[in-house]
file final_3.txt (compact mmCIF, C-alpha atoms)
# COMPACT_ATOMS: atom_id res chain seq x y z
CA MET P 24 -127.08 7.57 -110.02
CA ALA P 25 -123.73 7.59 -111.75
CA GLY P 26 -125.47 6.41 -114.90
CA ALA P 27 -127.32 9.71 -115.08
CA GLU P 28 -124.26 11.16 -116.75
CA ASP P 29 -124.36 8.66 -119.59
CA ALA P 30 -126.52 10.99 -121.65
CA PRO P 31 -124.85 14.39 -122.10
CA GLY P 32 -127.07 17.45 -122.43
CA ARG P 33 -127.17 18.31 -126.14
CA GLN P 34 -126.08 15.53 -128.45
CA PRO P 35 -125.12 15.68 -132.15
CA GLU P 36 -127.96 15.14 -134.58
CA LEU P 37 -128.05 11.61 -135.97
CA ASP P 38 -129.61 10.23 -139.13
CA GLU P 39 -133.23 9.15 -138.94
CA ASP P 40 -132.46 5.54 -139.88
CA GLU P 41 -130.12 5.01 -136.94
CA THR P 42 -131.35 2.47 -134.40
CA ALA P 43 -132.17 3.24 -130.80
CA GLU P 44 -129.14 1.18 -129.79
CA SER P 45 -126.80 3.36 -131.88
CA ARG P 46 -128.10 6.48 -130.15
CA ARG P 47 -127.03 5.28 -126.72
CA TRP P 48 -124.30 7.15 -124.94
CA GLY P 49 -122.01 5.59 -122.39
CA ALA P 50 -120.16 2.28 -122.58
CA GLN P 51 -122.43 0.96 -125.38
CA HIS P 52 -121.71 3.86 -127.74
CA ALA P 53 -119.81 2.66 -130.83
CA GLY P 54 -117.16 5.34 -130.47
CA ALA P 55 -116.69 4.60 -126.77
CA ARG P 56 -116.17 0.89 -127.43
CA GLU P 57 -113.60 1.58 -130.16
CA LEU P 58 -111.71 4.10 -128.04
CA ALA P 59 -111.67 1.85 -124.97
CA ALA P 60 -110.20 -0.96 -127.10
CA LEU P 61 -107.19 1.25 -127.94
CA TYR P 62 -105.94 1.06 -124.33
CA SER P 63 -102.80 -1.05 -124.77
CA PRO P 64 -100.44 -3.12 -122.56
CA GLY P 65 -97.66 -0.66 -123.42
CA LYS P 66 -99.78 2.22 -122.17
CA ARG P 67 -100.50 0.28 -118.97
CA LEU P 68 -96.77 -0.28 -118.39
CA GLN P 69 -96.06 3.45 -118.86
CA GLU P 70 -98.75 4.29 -116.29
CA TRP P 71 -97.40 1.79 -113.73
CA CYS P 72 -93.85 3.12 -114.08
CA SER P 73 -95.05 6.72 -113.83
CA VAL P 74 -97.11 6.10 -110.68
CA VAL P 75 -94.34 4.19 -108.86
CA LEU P 76 -91.68 6.78 -109.68
CA CYS P 77 -93.97 9.73 -108.94
CA PHE P 78 -95.07 8.58 -105.50
CA SER P 79 -91.55 7.53 -104.55
CA LEU P 80 -90.34 11.05 -105.35
CA ILE P 81 -93.31 12.64 -103.55
CA ALA P 82 -92.41 10.67 -100.41
CA HIS P 83 -88.72 11.60 -100.71
CA ASN P 84 -89.44 15.31 -101.21
CA SER P 85 -92.08 15.39 -98.46
CA VAL P 86 -89.56 14.17 -95.90
CA HIS P 87 -87.05 16.85 -96.89
CA LEU P 88 -89.67 19.61 -96.79
CA LEU P 89 -90.80 18.54 -93.33
CA LEU P 90 -87.21 18.49 -92.06
CA LEU P 91 -86.71 22.05 -93.31
CA ALA P 92 -90.00 23.43 -91.95
CA ARG P 93 -89.94 26.41 -89.58
CA TRP P 94 -92.82 28.27 -87.92
CA GLU P 95 -91.71 31.52 -89.51
CA HIS P 96 -92.37 29.97 -92.93
CA THR P 97 -96.10 29.58 -92.18
CA PRO P 98 -97.53 32.74 -93.90
CA LEU P 99 -95.57 32.17 -97.10
CA VAL P 100 -96.36 28.45 -97.08
CA ILE P 101 -100.10 29.19 -96.84
CA LEU P 102 -99.76 31.66 -99.70
CA GLY P 103 -97.86 29.04 -101.67
CA VAL P 104 -100.57 26.43 -101.10
CA VAL P 105 -103.30 28.75 -102.41
CA ALA P 106 -101.16 29.92 -105.32
CA GLY P 107 -100.26 26.31 -106.16
CA ALA P 108 -103.93 25.34 -106.23
CA LEU P 109 -104.79 28.28 -108.49
CA VAL P 110 -101.96 27.61 -110.93
CA ALA P 111 -102.77 23.88 -110.98
CA ASP P 112 -106.42 24.69 -111.72
CA PHE P 113 -105.45 26.93 -114.63
CA LEU P 114 -102.98 24.39 -116.02
CA SER P 115 -105.59 21.62 -115.73
CA GLY P 116 -107.95 23.81 -117.75
CA LEU P 117 -105.31 24.58 -120.36
CA VAL P 118 -104.41 20.91 -120.86
CA HIS P 119 -108.06 19.84 -120.78
CA TRP P 120 -109.06 22.54 -123.27
CA GLY P 121 -106.16 21.70 -125.57
CA ALA P 122 -106.83 17.96 -125.62
CA ASP P 123 -110.61 18.40 -125.93
CA THR P 124 -110.44 21.01 -128.65
CA TRP P 125 -107.48 20.22 -130.89
CA GLY P 126 -105.59 17.22 -132.20
CA SER P 127 -106.73 13.76 -133.18
CA VAL P 128 -106.62 10.21 -131.89
CA ASP P 129 -104.80 9.40 -135.14
CA LEU P 130 -101.77 11.54 -134.24
CA PRO P 131 -98.56 9.49 -133.78
CA ILE P 132 -97.74 8.57 -130.16
CA VAL P 133 -99.79 11.26 -128.39
CA GLY P 134 -103.07 10.44 -130.15
CA LYS P 135 -103.81 7.02 -128.72
CA ALA P 136 -101.81 7.57 -125.53
CA PHE P 137 -103.09 10.96 -124.41
CA ILE P 138 -105.91 12.35 -126.62
CA ARG P 139 -107.88 9.08 -126.72
CA PRO P 140 -109.03 9.28 -123.05
CA PHE P 141 -110.47 12.76 -123.62
CA ARG P 142 -112.51 11.57 -126.61
CA GLU P 143 -113.77 8.53 -124.70
CA HIS P 144 -114.70 10.66 -121.71
CA HIS P 145 -117.17 12.85 -123.61
CA ILE P 146 -118.97 9.85 -125.08
CA ASP P 147 -118.84 7.76 -121.91
CA PRO P 148 -118.42 10.19 -118.97
CA THR P 149 -118.65 7.46 -116.34
CA ALA P 150 -115.90 5.31 -117.89
CA ILE P 151 -113.44 7.14 -115.64
CA THR P 152 -115.26 5.78 -112.59
CA ARG P 153 -114.45 2.26 -113.80
CA HIS P 154 -110.74 3.00 -114.16
CA ASP P 155 -108.45 1.84 -111.37
CA PHE P 156 -105.94 4.07 -109.59
CA ILE P 157 -103.16 3.37 -112.11
CA GLU P 158 -105.19 4.17 -115.23
CA THR P 159 -106.75 7.21 -113.59
CA ASN P 160 -103.51 8.81 -112.43
CA GLY P 161 -100.76 7.43 -114.66
CA ASP P 162 -100.58 10.30 -117.14
CA ASN P 163 -100.62 13.01 -114.48
CA CYS P 164 -97.85 11.21 -112.63
CA LEU P 165 -95.80 11.19 -115.83
CA VAL P 166 -96.23 14.96 -116.26
CA THR P 167 -95.07 15.73 -112.71
CA LEU P 168 -91.94 13.53 -112.81
CA LEU P 169 -89.58 16.22 -114.11
CA PRO P 170 -90.39 18.85 -111.45
CA LEU P 171 -90.24 16.17 -108.77
CA LEU P 172 -86.84 15.03 -109.99
CA ASN P 173 -85.62 18.62 -110.10
CA MET P 174 -86.75 19.16 -106.51
CA ALA P 175 -85.09 15.95 -105.35
CA TYR P 176 -81.87 17.02 -107.07
CA LYS P 177 -81.91 20.34 -105.20
CA PHE P 178 -82.34 18.61 -101.86
CA GLN P 179 -79.27 16.48 -102.58
CA THR P 180 -77.01 19.20 -103.96
CA GLN P 181 -77.93 22.57 -102.38
CA SER P 182 -76.58 23.82 -99.06
CA PRO P 183 -78.90 24.10 -96.01
CA GLU P 184 -78.67 27.90 -96.23
CA THR P 185 -79.78 27.93 -99.86
CA LEU P 186 -82.62 25.51 -99.16
CA GLU P 187 -83.75 27.75 -96.29
CA GLN P 188 -84.06 30.67 -98.69
CA LEU P 189 -85.81 28.54 -101.33
CA TYR P 190 -88.24 26.93 -98.89
CA PRO P 191 -91.39 29.03 -99.60
CA TRP P 192 -90.85 28.64 -103.35
CA GLU P 193 -90.34 24.89 -103.06
CA CYS P 194 -93.54 24.62 -101.00
CA PHE P 195 -95.43 26.41 -103.79
CA VAL P 196 -93.93 24.07 -106.40
CA PHE P 197 -94.67 21.00 -104.27
CA CYS P 198 -98.28 22.06 -103.75
CA LEU P 199 -98.62 22.66 -107.48
CA ILE P 200 -97.21 19.20 -108.12
CA ILE P 201 -99.56 17.55 -105.60
CA PHE P 202 -102.65 19.22 -107.06
CA GLY P 203 -101.43 18.40 -110.56
CA THR P 204 -100.75 14.77 -109.70
CA PHE P 205 -104.21 14.27 -108.22
CA THR P 206 -106.16 16.32 -110.78
CA ASN P 207 -107.55 13.31 -112.61
CA GLN P 208 -108.39 11.58 -109.32
CA ILE P 209 -110.32 14.70 -108.33
CA HIS P 210 -111.93 14.65 -111.76
CA LYS P 211 -112.91 11.00 -111.24
CA TRP P 212 -114.51 11.87 -107.90
CA SER P 213 -116.57 14.58 -109.63
CA HIS P 214 -118.21 11.81 -111.70
CA THR P 215 -118.69 9.41 -108.76
CA TYR P 216 -122.04 9.62 -107.01
CA LEU P 217 -121.95 6.55 -104.80
CA GLY P 218 -119.38 5.31 -102.30
CA LEU P 219 -117.16 8.39 -102.02
CA PRO P 220 -115.30 8.78 -98.72
CA TYR P 221 -116.92 11.36 -96.46
CA TRP P 222 -113.86 13.61 -96.48
CA VAL P 223 -113.97 13.80 -100.28
CA THR P 224 -117.61 14.92 -100.28
CA VAL P 225 -116.77 17.54 -97.63
CA LEU P 226 -113.96 18.93 -99.79
CA GLN P 227 -116.32 18.97 -102.77
CA ASP P 228 -119.10 20.68 -100.80
CA TRP P 229 -116.67 23.33 -99.58
CA HIS P 230 -115.32 23.68 -103.15
CA VAL P 231 -111.78 22.93 -102.05
CA ILE P 232 -111.71 20.42 -104.94
CA LEU P 233 -113.91 20.18 -108.03
CA PRO P 234 -117.58 19.68 -107.00
CA ARG P 235 -119.77 17.22 -108.87
CA LYS P 236 -122.55 19.67 -109.75
CA HIS P 237 -120.02 22.27 -110.88
CA HIS P 238 -118.38 19.88 -113.36
CA ARG P 239 -121.69 18.91 -114.96
CA ILE P 240 -121.64 22.26 -116.78
CA HIS P 241 -118.70 21.08 -118.88
CA HIS P 242 -120.54 17.91 -119.91
CA VAL P 243 -123.21 19.72 -121.86
CA ALA P 244 -122.24 19.21 -125.52
CA PRO P 245 -120.30 20.62 -127.32
CA HIS P 246 -118.10 20.70 -124.18
CA GLU P 247 -116.78 24.21 -124.75
CA THR P 248 -116.62 25.68 -121.24
CA TYR P 249 -115.59 25.03 -117.60
CA PHE P 250 -112.39 23.18 -118.50
CA CYS P 251 -110.59 23.63 -115.14
CA ILE P 252 -110.90 20.35 -113.23
CA THR P 253 -108.63 20.60 -110.18
CA THR P 254 -110.55 22.99 -107.96
CA GLY P 255 -112.78 24.63 -110.56
CA TRP P 256 -112.13 28.03 -108.95
CA LEU P 257 -111.14 29.66 -112.24
CA ASN P 258 -113.99 28.36 -114.40
CA TYR P 259 -116.42 31.20 -113.78
CA PRO P 260 -113.95 34.11 -114.16
CA LEU P 261 -112.48 32.57 -117.33
CA GLU P 262 -115.98 32.10 -118.72
CA VAL P 263 -116.94 35.69 -117.92
CA VAL P 264 -114.00 37.08 -119.92
CA GLY P 265 -114.50 34.53 -122.72
CA PHE P 266 -110.94 33.28 -122.35
CA TRP P 267 -111.30 29.90 -124.09
CA ARG P 268 -113.55 31.23 -126.85
CA ARG P 269 -111.12 34.05 -127.67
CA LEU P 270 -108.20 31.63 -127.67
CA GLU P 271 -110.06 29.27 -130.02
CA ASP P 272 -110.94 32.14 -132.38
CA LEU P 273 -107.29 33.19 -132.47
CA ILE P 274 -106.02 29.68 -133.24
CA GLN P 275 -108.74 29.02 -135.81
CA GLY P 276 -107.94 32.31 -137.51
CA LEU P 277 -104.24 31.47 -137.66
CA THR P 278 -104.50 27.80 -138.65
CA GLY P 279 -107.95 27.30 -140.18
CA GLU P 280 -108.51 24.32 -137.89
CA LYS P 281 -112.03 23.88 -136.51
CA PRO P 282 -112.30 23.43 -132.72
CA ARG P 283 -113.51 20.03 -131.49
CA ALA P 284 -113.74 18.53 -135.00
CA ASP P 285 -112.20 15.21 -133.87
CA ASP P 286 -114.33 15.18 -130.71
CA MET P 287 -117.50 15.47 -132.81
CA LYS P 288 -116.31 12.76 -135.20
CA TRP P 289 -116.09 10.20 -132.39
CA ALA P 290 -119.39 11.33 -130.87
CA GLN P 291 -121.16 10.68 -134.18
CA LYS P 292 -119.85 7.14 -134.66
CA VAL P 293 -122.69 4.64 -134.84
CA LYS P 294 -120.96 1.36 -135.70
call {"tool": "encode", "arguments": {"input": "final_3.txt", "output": "structure tokens"}}
result
Amino acid sequence: MAGAEDAPGRQPELDEDETAESRRWGAQHAGARELAALYSPGKRLQEWCSVVLCFSLIAHNSVHLLLLARWEHTPLVILGVVAGALVADFLSGLVHWGADTWGSVDLPIVGKAFIRPFREHHIDPTAITRHDFIETNGDNCLVTLLPLLNMAYKFQTQSPETLEQLYPWECFVFCLIIFGTFTNQIHKWSHTYLGLPYWVTVLQDWHVILPRKHHRIHHVAPHETYFCITTGWLNYPLEVVGFWRRLEDLIQGLTGEKPRADDMKWAQKVK
């Protein structure tokens, strides 16, 4: 069933003399093969380091938050959890939209390291389901390292009284970090149709995290909507107000750059 996503909804028009093999989407697509080959040992090392450091800091900060917890914090903590999920969803959409829409794999440093996976994903949507935990989550762990380090520094340097006052805010930040760290894992689950743990499917069905059917809307070419991939809560309201379209029009008007030009280039590769 996972293979059903290997053929996105509307595909770019191809020349008549192209073979049936060249028209295939998924792992056999020429662009997908070339992009997958750009995954380097150096990139793998960066992901390993990011994951180890990130989860070490999450464990450290979790212990300190639990030690500071008080029953009277409960209402603000609940509010912080919801707010953290909403902000994480919006930020996931902003990053996803930016990487999908602008830039190129040929850009120094960020191109192969960070834009490449987005290009591969549109040609071979199920490639993410073949990535292990490190490859799936390495980049998100890298992004959350700075706020985790900042939080750990506060726990070591601030007085108990100050930490008591900061507690609701730190819970919001921690929830934002947790959702941000696991965004790509949640995204991977939205493409996985067999073998998911029961609790993951329950969270998807209740729309606590990104549901599978909901995310399919984004994978109709040219991939110009429903960019939020943490919970997906903000996709519909942002679509109603035309948020991404208006932002693209503004940037195109200022720079002359065409949205998703590099994305289309990789999609049209045939050899």
call {"tool": "residues_around", "arguments": {"input": "final_3.txt", "residues": "segment 129-141 of chain P", "least_positions_apart": "3", "cutoff": "9 Å", "atoms": "all atoms listed in the file", "output": "PDB file with C-alpha atoms, in the coordinates of the input"}}
result
ATOM      1  CA  LEU P  58    -111.710   4.100-128.040  1.00  0.00           C
ATOM      2  CA  ALA P  59    -111.670   1.850-124.970  1.00  0.00           C
ATOM      3  CA  LEU P  61    -107.190   1.250-127.940  1.00  0.00           C
ATOM      4  CA  TYR P  62    -105.940   1.060-124.330  1.00  0.00           C
ATOM      5  CA  SER P  63    -102.800  -1.050-124.770  1.00  0.00           C
ATOM      6  CA  LYS P  66     -99.780   2.220-122.170  1.00  0.00           C
ATOM      7  CA  HIS P 119    -108.060  19.840-120.780  1.00  0.00           C
ATOM      8  CA  ALA P 122    -106.830  17.960-125.620  1.00  0.00           C
ATOM      9  CA  ASP P 123    -110.610  18.400-125.930  1.00  0.00           C
ATOM     10  CA  GLY P 126    -105.590  17.220-132.200  1.00  0.00           C
ATOM     11  CA  HIS P 144    -114.700  10.660-121.710  1.00  0.00           C
ATOM     12  CA  HIS P 145    -117.170  12.850-123.610  1.00  0.00           C
ATOM     13  CA  ILE P 151    -113.440   7.140-115.640  1.00  0.00           C
ATOM     14  CA  ASP P 162    -100.580  10.300-117.140  1.00  0.00           C
ATOM     15  CA  ASP P 286    -114.330  15.180-130.710  1.00  0.00           C
TER      16      ASP P 286
END
call {"tool": "closest_atom_pairs", "arguments": {"input": "final_3.txt", "of": "segment 65-124 of chain P", "to": "segment 251-260 of chain P", "cutoff": "6 Å", "atoms": "only C-alpha atoms", "output": "tab-separated table"}}
result
residue	atom	partner	partner_atom	distance
P:Asp112	CA	P:Thr253	CA	4.9
P:Ser115	CA	P:Cys251	CA	5.4
P:Gly116	CA	P:Cys251	CA	3.7
call {"tool": "atom_distance", "arguments": {"input": "final_3.txt", "atom1": "atom CA of Trp125 of chain P", "atom2": "atom CA of Pro282 of chain P"}}
result
6.1 Å
call {"tool": "closest_atom_pairs", "arguments": {"input": "final_3.txt", "of": "segment 194-271 of chain P", "to": "segment 85-93 of chain P", "cutoff": "12 Å", "atoms": "all atoms listed in the file", "output": "tab-separated table"}}
result
residue	atom	partner	partner_atom	distance
P:Cys194	CA	P:Leu88	CA	7.6
P:Phe195	CA	P:Leu88	CA	11.3
P:Val196	CA	P:Leu88	CA	11.4
P:Phe197	CA	P:Ser85	CA	8.5
P:Cys198	CA	P:Ser85	CA	10.5
P:Ile200	CA	P:Ser85	CA	11.6
P:Ile201	CA	P:Ser85	CA	10.6
call {"tool": "residues_around", "arguments": {"input": "final_3.txt", "residues": "Val75 of chain P", "least_positions_apart": "6", "cutoff": "12 Å", "atoms": "all atoms listed in the file", "output": "PDB file with C-alpha atoms, in the frame of the given file"}}
result
ATOM      1  CA  LEU P  68     -96.770  -0.280-118.390  1.00  0.00           C
ATOM      2  CA  GLN P  69     -96.060   3.450-118.860  1.00  0.00           C
ATOM      3  CA  ILE P  81     -93.310  12.640-103.550  1.00  0.00           C
ATOM      4  CA  ALA P  82     -92.410  10.670-100.410  1.00  0.00           C
ATOM      5  CA  PHE P 156    -105.940   4.070-109.590  1.00  0.00           C
ATOM      6  CA  ILE P 157    -103.160   3.370-112.110  1.00  0.00           C
ATOM      7  CA  ASN P 160    -103.510   8.810-112.430  1.00  0.00           C
ATOM      8  CA  GLY P 161    -100.760   7.430-114.660  1.00  0.00           C
ATOM      9  CA  CYS P 164     -97.850  11.210-112.630  1.00  0.00           C
ATOM     10  CA  LEU P 165     -95.800  11.190-115.830  1.00  0.00           C
ATOM     11  CA  LEU P 168     -91.940  13.530-112.810  1.00  0.00           C
TER      12      LEU P 168
END
call {"tool": "closest_residue", "arguments": {"input": "final_3.txt", "among": "P:Leu217, P:Val166, P:Ala284, P:Ile274", "to": "Leu114 of chain P", "atoms": "all atoms listed in the file"}}
result
P:Val166
call {"tool": "atom_distance", "arguments": {"input": "final_3.txt", "atom1": "atom CA of Arg239 of chain P", "atom2": "atom CA of Val74 of chain P"}}
result
28.0 Å
call {"tool": "atom_distance", "arguments": {"input": "final_3.txt", "atom1": "atom CA of Gln188 of chain P", "atom2": "atom CA of Thr167 of chain P"}}
result
23.3 Å
call {"tool": "residues_around", "arguments": {"input": "final_3.txt", "residues": "Trp192 of chain P", "least_positions_apart": "6", "cutoff": "9 Å", "atoms": "only C-alpha atoms", "output": "list in words"}}
result
Leu99, Val100 and Gly103 of chain P
call {"tool": "closest_residue", "arguments": {"input": "final_3.txt", "among": "P:Pro183, P:Pro191, P:Pro220, P:Gly203", "to": "Asn163 of chain P", "atoms": "all atoms listed in the file"}}
result
P:Gly203
call {"tool": "closest_residue", "arguments": {"input": "final_3.txt", "among": "P:Leu273, P:Ala108, P:Met287, P:Met174", "to": "Ile232 of chain P", "atoms": "all atoms listed in the file"}}
result
P:Ala108
call {"tool": "residues_around", "arguments": {"input": "final_3.txt", "residues": "Gly49 of chain P", "least_positions_apart": "2", "cutoff": "6 Å", "atoms": "all atoms listed in the file", "output": "short mmCIF file (atom, residue, chain, number, x, y, z; two decimals) with C-alpha atoms, in the frame of the given file"}}
result
data_model
loop_
_atom_site.label_atom_id
_atom_site.label_comp_id
_atom_site.auth_asym_id
_atom_site.auth_seq_id
_atom_site.Cartn_x
_atom_site.Cartn_y
_atom_site.Cartn_z
CA ASP P 29 -124.36 8.66 -119.59
CA GLN P 51 -122.43 0.96 -125.38
CA HIS P 52 -121.71 3.86 -127.74
CA ILE P 146 -118.97 9.85 -125.08
CA ASP P 147 -118.84 7.76 -121.91
#
call {"tool": "residues_around", "arguments": {"input": "final_3.txt", "residues": "Leu270 of chain P", "least_positions_apart": "4", "cutoff": "12 Å", "atoms": "all atoms listed in the file", "output": "PDB file with C-alpha atoms, in the coordinates of the input"}}
result
ATOM      1  CA  LEU P 117    -105.310  24.580-120.360  1.00  0.00           C
ATOM      2  CA  TRP P 120    -109.060  22.540-123.270  1.00  0.00           C
ATOM      3  CA  GLY P 121    -106.160  21.700-125.570  1.00  0.00           C
ATOM      4  CA  THR P 124    -110.440  21.010-128.650  1.00  0.00           C
ATOM      5  CA  TRP P 125    -107.480  20.220-130.890  1.00  0.00           C
ATOM      6  CA  GLU P 247    -116.780  24.210-124.750  1.00  0.00           C
ATOM      7  CA  LEU P 261    -112.480  32.570-117.330  1.00  0.00           C
ATOM      8  CA  GLU P 262    -115.980  32.100-118.720  1.00  0.00           C
ATOM      9  CA  VAL P 264    -114.000  37.080-119.920  1.00  0.00           C
ATOM     10  CA  GLY P 265    -114.500  34.530-122.720  1.00  0.00           C
ATOM     11  CA  PHE P 266    -110.940  33.280-122.350  1.00  0.00           C
ATOM     12  CA  ILE P 274    -106.020  29.680-133.240  1.00  0.00           C
ATOM     13  CA  GLN P 275    -108.740  29.020-135.810  1.00  0.00           C
ATOM     14  CA  GLY P 276    -107.940  32.310-137.510  1.00  0.00           C
ATOM     15  CA  LEU P 277    -104.240  31.470-137.660  1.00  0.00           C
ATOM     16  CA  PRO P 282    -112.300  23.430-132.720  1.00  0.00           C
TER      17      PRO P 282
END
call {"tool": "closest_residue", "arguments": {"input": "final_3.txt", "among": "P:Val263, P:Gln291, P:Ile209, P:Glu143", "to": "Val223 of chain P", "atoms": "all atoms listed in the file"}}
result
P:Ile209
call {"tool": "decode", "arguments": {"input": "final_3.txt", "residues": "segment 139-161 of chain P", "atoms": "C-alpha atoms", "output": "JSON list (two decimals), in the first residue's frame"}}
result
[["chain", "number", "residue", "atom", "x", "y", "z"],
["P", 139, "ARG", "CA", 18.25, 17.73, -1.55],
["P", 140, "PRO", "CA", 15.91, 15.65, 0.70],
["P", 141, "PHE", "CA", 12.95, 17.88, -0.21],
["P", 142, "ARG", "CA", 13.58, 17.42, -3.94],
["P", 143, "GLU", "CA", 13.94, 13.66, -3.54],
["P", 144, "HIS", "CA", 10.78, 13.46, -1.48],
["P", 145, "HIS", "CA", 8.52, 14.86, -4.20],
["P", 146, "ILE", "CA", 9.85, 12.43, -6.80],
["P", 147, "ASP", "CA", 10.01, 9.44, -4.46],
["P", 148, "PRO", "CA", 7.55, 10.12, -1.60],
["P", 149, "THR", "CA", 8.11, 6.73, 0.02],
["P", 150, "ALA", "CA", 11.90, 7.09, 0.19],
["P", 151, "ILE", "CA", 11.44, 8.57, 3.66],
["P", 152, "THR", "CA", 9.91, 5.29, 4.83],
["P", 153, "ARG", "CA", 13.18, 3.55, 3.93],
["P", 154, "HIS", "CA", 15.28, 5.99, 5.96],
["P", 155, "ASP", "CA", 16.41, 4.88, 9.40],
["P", 156, "PHE", "CA", 15.91, 6.90, 12.59],
["P", 157, "ILE", "CA", 19.18, 8.82, 12.17],
["P", 158, "GLU", "CA", 18.59, 9.94, 8.58],
["P", 159, "THR", "CA", 14.96, 10.75, 9.30],
["P", 160, "ASN", "CA", 15.58, 12.92, 12.35],
["P", 161, "GLY", "CA", 19.17, 14.18, 12.08]]
